[in-house]
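Structure first, then comments.
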Number of protein chains: 2
Amino acid sequence: MTPELLEQFRALLGPAGVLTDSDAMARYCTDWLGKWQGRTAAVLRPGNTEEVSAAIKLCHRHHIPVVPQGGNTGMSGGATPDTSGAQVILSLERLKRIRQVDPINDTLTVEAGVLLAEVQQVAREVDRFFPLSLGAEGSCTLGGNLATNAGGTAVLRYGNMRALTLGLEVVLPDGRIWNGLRGLRKDNTGFDLRDLFIGSEGTLGVITAAVLKLYPSPQGRAVAWVGSATLPKLISLLTHLRASCGERLVAFEMLSASCLDLIAAHVDSARVPLQSRPALHALIELSDTRPGDLAGLLEDSLNHGLKHDWIQDAVIATNERQAAEFWRLREGISQAQVRAGMAIKHDIALPISQIPHFVDESDKALREVFPELPLINFGHLGDGNLHYNVLLPRDTSPERYHMLTEALNRLVHDRVMSHEGSISAEHGVGQLRRDELKHYKSPIELELMLRIKQAIDPNQLMNPGKLL
Amino acid sequence: MTPELLEQFRALLGPAGVLTDSDAMARYCTDWLGKWQGRTAAVLRPGNTEEVSAAIKLCHRHHIPVVPQGGNTGMSGGATPDTSGAQVILSLERLKRIRQVDPINDTLTVEAGVLLAEVQQVAREVDRFFPLSLGAEGSCTLGGNLATNAGGTAVLRYGNMRALTLGLEVVLPDGRIWNGLRGLRKDNTGFDLRDLFIGSEGTLGVITAAVLKLYPSPQGRAVAWVGSATLPKLISLLTHLRASCGERLVAFEMLSASCLDLIAAHVDSARVPLQSRPALHALIELSDTRPGDLAGLLEDSLNHGLKHDWIQDAVIATNERQAAEFWRLREGISQAQVRAGMAIKHDIALPISQIPHFVDESDKALREVFPELPLINFGHLGDGNLHYNVLLPRDTSPERYHMLTEALNRLVHDRVMSHEGSISAEHGVGQLRRDELKHYKSPIELELMLRIKQAIDPNQLMNPGKLL
């Protein structure tokens with residue numbers, strides 16, 4: 001990057017809009033896990049969509065590759081530049097306007113840099129609910145949620161980011177602005193560009209704003225912790241709850257016994273809810289937009305499960321404090337894994353009917369090949385999404401880590417594919433799964449994606465080295 | 001089409017797979033409304049995906065344009081060939097297999113030629129529910145529903161076809177098969193090809209099968225008919241019902257007084273539910289997956305609406321027979337319009353908060369310019385989707401019809417666009433709205449669509465003359 005070009009960026013974005021000091025740039029050049037490290041000539045921080053457009057036009061003119069970045073909380077290195085120093089980082093953190101709140105249309109128009117927690121709060125202020133919820137909600141941004149089609153803990157009832165979005169504003173790779181900010185439930189006027197940009201991980205353009213759907217506020221919830229002997233039994237309970245509770249079923253989170261042991265060992269003041277020692281645990285939440293006897297409904301459904309021997313034990317939270325405690329256990333998994341050492345993680349999805357077969361086969365293969373490595377299996381069972389992780393000793397050498405990553409990815413992902421699953425359920429591809437994607441995607445599907453990439457970003461300037 | 005080429009198609013598809021007799025081809029060459037008439041050299045009727053693939057490979061090799069066709073019940077001429085005779089019709093009507101029913105994963109894998117009503121029935125047989133519902137459900141096919149991203153009367157709660165679909169199988173313009181038949185709730189491994197093909201009206205490929213989402217069966221419903229003085233008041237009731245009933249609110253259908261008069265005049269044994277003469281009527285349905293006092297909940301909500309003067313009158317159906325009678329009135333609109341004469345129809349969507357402004361302005365403009373033409377305004381108010389139709393005298397000449405179509409489209413669609421709406425909410429573009437689309441879509445959006453079309457169908461063989 002020449003000094004002249006930097007001056008042009010400064011003229012477009014102002015002094016606050018361009019960082020070149022290496023200390024100031026450091027936090028943009030690595031992800032929050034410290035797993036990926038990159039270099040950049042400059043961090044661009046435009047203050048509005050027009051500035052994003054102007055900056056990208058200049059990048060386009062000078063063939064400078066652009067790495068869009070939101071809250072930098074991704075799991076797959078999708079927002080970290082490569083080590084060449086040739087890519088600029090385009091941070092959306094200053095696009096923080098709530099452009100419109102429309103409670104009659106049940107929509108919210110927000111810019112990409114708004115934090116997810118802020119969106120939830122704005123919805124609450126007009127007595128509405130924005131359902132996307134995930135661990136990083138206090139620091140992740142809507143732009144990142146959109147770029148990665150974020151999932152989280154309420155997908156079972158409300159769907160992922162794609163299902164929660166009606167319209168987009170996108171700055172295209174040549175810097176022009178596509179205004180697709182429509183707040184419509186029905187619009188059949190051509191190809192679905194919205195869903196093409198959502199989940200494209202910044203490789204087709206930069207999402208600068210979105211129209212989000214709002215929902216009626218839940219008026220109460222009932223939360224239970226249950227123990228089950230086997231996955232087929234636990235899935236029978238899930239199936240029963242879907243039928244008996246319908247849309248009231250918001251979350252069905254599964255944890256293996258070894259996962260709960262890890263939480264108990266590493267998370268402060270973690271109390272295991274059940275006295276029995278079941279092989280599998282599940283956290284279940286019902287909610288409703290009307291007050292009503294949700295705890296009674298949950299109790300009836302769980303009694304049905306106990307009678308059929310689908311579960312062996314169950315506790316229903318008697319108050320909000322206990323419900324929050326159950327959720328803290330579930331959310332303690334990340335911390336417990338960090339404290340326990342290293343892990344090789346998998347973020348996979350399967351048809352729910354295939355999960356028991358997949359887990360049987362993978363557990364067996366893992367025991368045969370790596371009998372010494374503990375498995376930490378948990379996830380959003382109601383969405384068919386498992387985090388099937390393997391713990392490594394703290395002193396694992398980088399060489400062995402690399403070897404084990406390859407071997408375990410192959411062991412797990414081969415079985416995911418044979419059961420028609422996905423090797424990236426909610427975390428996206430980024431840098432982490434790029435080679436795996438090439439390995440597993442059908443050639444036809446890869447070719448279609450490359451053709452679309454070529455059609456929208458012919459100069460390959462948007463987030464190169466990610467996804468494709 | 002040379003006799004040699006026809007022989008090649010017959011060799012691929014068998015004698016039942018190729019029609020060339022003009023009597024046999026007649027019903028494929030015009031739409032069910034008789035509005036569009038086309039010609040074709042042959043109707044291809046492959047029996048499975050491999051035959052679709054083989055037929056399209058042959059078309060691709062010889063540069064023969066292909067018009068995919070499902071149940072031929074579309075509203076926009078999207079499945080009728082042009083008059084050149086150079087296009088072949090590819091009917092999917094023989095792809096009728098239910099490939100898989102998976103009640104544990106809550107999915108159904110069906111081929112494109114299966115009727116919507118059959119899909120609903122298969123779901124019921126495993127005690128599940130497939131929510132897509134529309135007037136043509138006894139004759140429209142899943143492939144057509146997918147190609148047009150069908151809407152209907154349950155979008156308010158369940159979403160449109162895109163929201164009901166998890167995976168697709170598509171024969172690409174060169175005849176290769178893309179197998180995207182995944183039954184996953186979460187899958188972030190690249191661009192969203194599924195939603196790109198859904199709603200593309202056969203211009204990017206031929207959808208041959210899909211994985212559909214199943215839902216818990218509703219256990220009961222409550223249906224009401226209400227009268228209101230103004231649109232803002234009726235929308236206040238809608239807003240209140242969303243908050244008080246949440247996901248239980250399945251339908252909120254609006255009919256203007258003149259629309260109901262038309263039904264009363266033309267539909268046999270139509271009985272208007274209300275004694276008062278309100279300016280606006282609405283049909284409201286609640287349902288739930290649990291038994292419970294839905295009628296009581298509806299009564300409470302409507303009493304709230306009466307107290308606030310949002311509605312002036314209301315009747316809750318006391319039994320299933322009366323509920324069905326209310327729905328028959330709503331569904332009688334199509335028949336009433338046909339019997340009343342000709343109509344110029346608009347299928348528009350708006351942000352719900354903009355609907356009163358749009359209707360005020362459009363009504364006023366219509367009264368000024370065409371005071372003699374009666375307006376029939378009805379639609380899925382809960383989705384922001386209006387069918388804002390204008391009746392014409394039966395003896396309207398073709399020239400005057402053509403002139404009025406242009407003038408009324410401009411009058412209505414200009415106002416739709418100024419309120420950030422859509423000129424095709426659920427019927428799609430086809431031939432009917434193709435010029436309107438060019439007139440109203442932003443050049444950037446049209447360019448993005450054309451680039452994608454060029455990337456996927458570079459020889460422009462898939463359904464030319466439609467959509468783009």
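Quick note on naming: the chains in the structure tokens go A, B, ... in the order shown, residues restart at 1 in each chain, and ligands are numbered from 1 in order of appearance.
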Set out as CSV a contact list for chain B and chain A with a cut-off of 6 Å, giving each residue of chain B that qualifies its closest atom pair and distance in Å to one decimal, counting only C-alpha atoms, ordered by chain and rising residue number.
```
residue,atom,partner,partner_atom,distance
B:Ile104,CA,A:Ser353,CA,5.4
B:Asn105,CA,A:Ile352,CA,4.9
B:Gly183,CA,A:Pro351,CA,5.7
B:Leu184,CA,A:Pro351,CA,5.6
B:Arg185,CA,A:Asp383,CA,5.6
B:Lys186,CA,A:Ala425,CA,4.9
B:Asp187,CA,A:Ala425,CA,4.4
B:Asn188,CA,A:Gly428,CA,5.0
B:Thr189,CA,A:Ser424,CA,5.7
B:Phe191,CA,A:Ser200,CA,5.6
B:Asp192,CA,A:Leu196,CA,5.3
B:Leu196,CA,A:Asp192,CA,5.3
B:Ser200,CA,A:Phe191,CA,5.6
B:Pro216,CA,A:Ala243,CA,5.1
B:Ala243,CA,A:Pro216,CA,5.2
B:Gly246,CA,A:Thr289,CA,5.4
B:Thr289,CA,A:Gly246,CA,5.4
B:Pro351,CA,A:Leu184,CA,5.7
B:Ile352,CA,A:Asn105,CA,4.9
B:Ser353,CA,A:Asn105,CA,5.4
B:Asp383,CA,A:Arg185,CA,5.6
B:Ser422,CA,A:Asp187,CA,5.7
B:Ser424,CA,A:Asn188,CA,5.4
B:Ala425,CA,A:Asp187,CA,4.3
B:Glu426,CA,A:Asn188,CA,5.6
B:Gly428,CA,A:Asn188,CA,5.0
B:Arg451,CA,A:Ala455,CA,5.6
B:Ala455,CA,A:Arg451,CA,5.6
```
Task: Spatial neighbours of Gly47 of chain B, 12 Å, only C-alpha atoms, chain gap at least 5 places, as a list in words - done: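 With the cut-off at 12 Å, the set is Leu12, Leu13, Gly14, Pro15, Ala16, Gly17, Val18, Val52, Ser53, Ala54, Ala55, Leu90, Ser91, Leu92, Glu93, Arg94, Leu95, Lys96, Arg97, Glu111, Ala112, Gly113 and Thr208 of chain B.
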Dump as an mmCIF file, in the first residue's frame, selection limited to N, CA and C atoms:
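Output (again29.cif):
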```
data_model
loop_
_atom_site.group_PDB
_atom_site.id
_atom_site.type_symbol
_atom_site.label_atom_id
_atom_site.label_comp_id
_atom_site.auth_asym_id
_atom_site.auth_seq_id
_atom_site.Cartn_x
_atom_site.Cartn_y
_atom_site.Cartn_z
ATOM 1 N N LEU B 12 -34.805 -42.340 -25.352
ATOM 2 C CA LEU B 12 -34.435 -42.036 -23.964
ATOM 3 C C LEU B 12 -35.611 -42.204 -23.005
ATOM 4 N N LEU B 13 -36.801 -41.757 -23.431
ATOM 5 C CA LEU B 13 -37.931 -41.614 -22.506
ATOM 6 C C LEU B 13 -39.046 -42.631 -22.727
ATOM 7 N N GLY B 14 -38.920 -43.447 -23.777
ATOM 8 C CA GLY B 14 -39.979 -44.412 -24.058
ATOM 9 C C GLY B 14 -41.149 -43.728 -24.746
ATOM 10 N N PRO B 15 -42.089 -44.542 -25.270
ATOM 11 C CA PRO B 15 -43.211 -43.959 -26.024
ATOM 12 C C PRO B 15 -44.100 -43.064 -25.148
ATOM 13 N N ALA B 16 -44.291 -43.414 -23.858
ATOM 14 C CA ALA B 16 -45.131 -42.588 -22.972
ATOM 15 C C ALA B 16 -44.445 -41.280 -22.615
ATOM 16 N N GLY B 17 -43.150 -41.205 -22.901
ATOM 17 C CA GLY B 17 -42.373 -40.051 -22.467
ATOM 18 C C GLY B 17 -42.302 -38.922 -23.472
ATOM 19 N N VAL B 18 -42.851 -39.125 -24.665
ATOM 20 C CA VAL B 18 -42.788 -38.074 -25.684
ATOM 21 C C VAL B 18 -44.152 -37.944 -26.359
ATOM 22 N N VAL B 52 -35.006 -37.153 -16.784
ATOM 23 C CA VAL B 52 -34.962 -35.688 -16.913
ATOM 24 C C VAL B 52 -33.560 -35.268 -17.332
ATOM 25 N N SER B 53 -32.580 -35.843 -16.661
ATOM 26 C CA SER B 53 -31.183 -35.526 -16.944
ATOM 27 C C SER B 53 -30.837 -35.854 -18.397
ATOM 28 N N ALA B 54 -31.233 -37.043 -18.847
ATOM 29 C CA ALA B 54 -30.922 -37.460 -20.221
ATOM 30 C C ALA B 54 -31.602 -36.548 -21.236
ATOM 31 N N ALA B 55 -32.869 -36.188 -20.962
ATOM 32 C CA ALA B 55 -33.611 -35.330 -21.890
ATOM 33 C C ALA B 55 -32.960 -33.951 -21.970
ATOM 34 N N LEU B 90 -41.213 -29.589 -20.813
ATOM 35 C CA LEU B 90 -40.748 -30.716 -20.008
ATOM 36 C C LEU B 90 -41.708 -30.847 -18.830
ATOM 37 N N SER B 91 -42.623 -31.797 -18.929
ATOM 38 C CA SER B 91 -43.587 -31.981 -17.845
ATOM 39 C C SER B 91 -43.007 -32.905 -16.785
ATOM 40 N N LEU B 92 -43.154 -32.503 -15.530
ATOM 41 C CA LEU B 92 -42.640 -33.321 -14.423
ATOM 42 C C LEU B 92 -43.722 -34.230 -13.849
ATOM 43 N N GLU B 93 -44.859 -34.346 -14.546
ATOM 44 C CA GLU B 93 -46.024 -34.995 -13.933
ATOM 45 C C GLU B 93 -45.826 -36.477 -13.633
ATOM 46 N N ARG B 94 -44.827 -37.098 -14.259
ATOM 47 C CA ARG B 94 -44.625 -38.530 -13.972
ATOM 48 C C ARG B 94 -43.623 -38.778 -12.840
ATOM 49 N N LEU B 95 -43.025 -37.726 -12.313
ATOM 50 C CA LEU B 95 -42.121 -37.900 -11.159
ATOM 51 C C LEU B 95 -42.963 -37.846 -9.890
ATOM 52 N N LYS B 96 -43.556 -38.975 -9.526
ATOM 53 C CA LYS B 96 -44.575 -38.983 -8.488
ATOM 54 C C LYS B 96 -44.198 -39.807 -7.259
ATOM 55 N N ARG B 97 -42.927 -40.136 -7.122
ATOM 56 C CA ARG B 97 -42.557 -40.991 -5.987
ATOM 57 C C ARG B 97 -42.417 -40.185 -4.694
ATOM 58 N N GLU B 111 -40.892 -36.267 -4.963
ATOM 59 C CA GLU B 111 -40.525 -35.831 -6.309
ATOM 60 C C GLU B 111 -41.421 -34.690 -6.783
ATOM 61 N N ALA B 112 -40.950 -34.026 -7.824
ATOM 62 C CA ALA B 112 -41.570 -32.768 -8.259
ATOM 63 C C ALA B 112 -43.013 -32.921 -8.712
ATOM 64 N N GLY B 113 -43.384 -34.087 -9.229
ATOM 65 C CA GLY B 113 -44.724 -34.241 -9.775
ATOM 66 C C GLY B 113 -45.797 -34.612 -8.773
ATOM 67 N N THR B 208 -36.256 -31.545 -9.369
ATOM 68 C CA THR B 208 -36.860 -32.867 -9.559
ATOM 69 C C THR B 208 -37.321 -33.513 -8.252
#
```
Task: Neighbour list for segment 271-284 of chain B as a PyMOL selection string, cut-off 8 Å, only C-alpha atoms, skip fewer than 3 positions in-chain - done: chain B and resi 223-231+249-257+260+264+312-315+326-327+329-330
Task: Option closest in space to Pro3 of chain A, from A:His357, A:Val206, A:Ala41, A:Leu461 [counting only C-alpha atoms] - done: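 Comparing A:His357, A:Val206, A:Ala41, A:Leu461 against Pro3 of chain A, the winner is A:Ala41.
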TODO: For each of B:His387, B:Arg39, B:Arg367, B:His63, take the minimum atom-to-atom distance to Cys259 of chain B, counting only C-alpha atoms, then give the residue where this is smallest.
DONE: B:His387
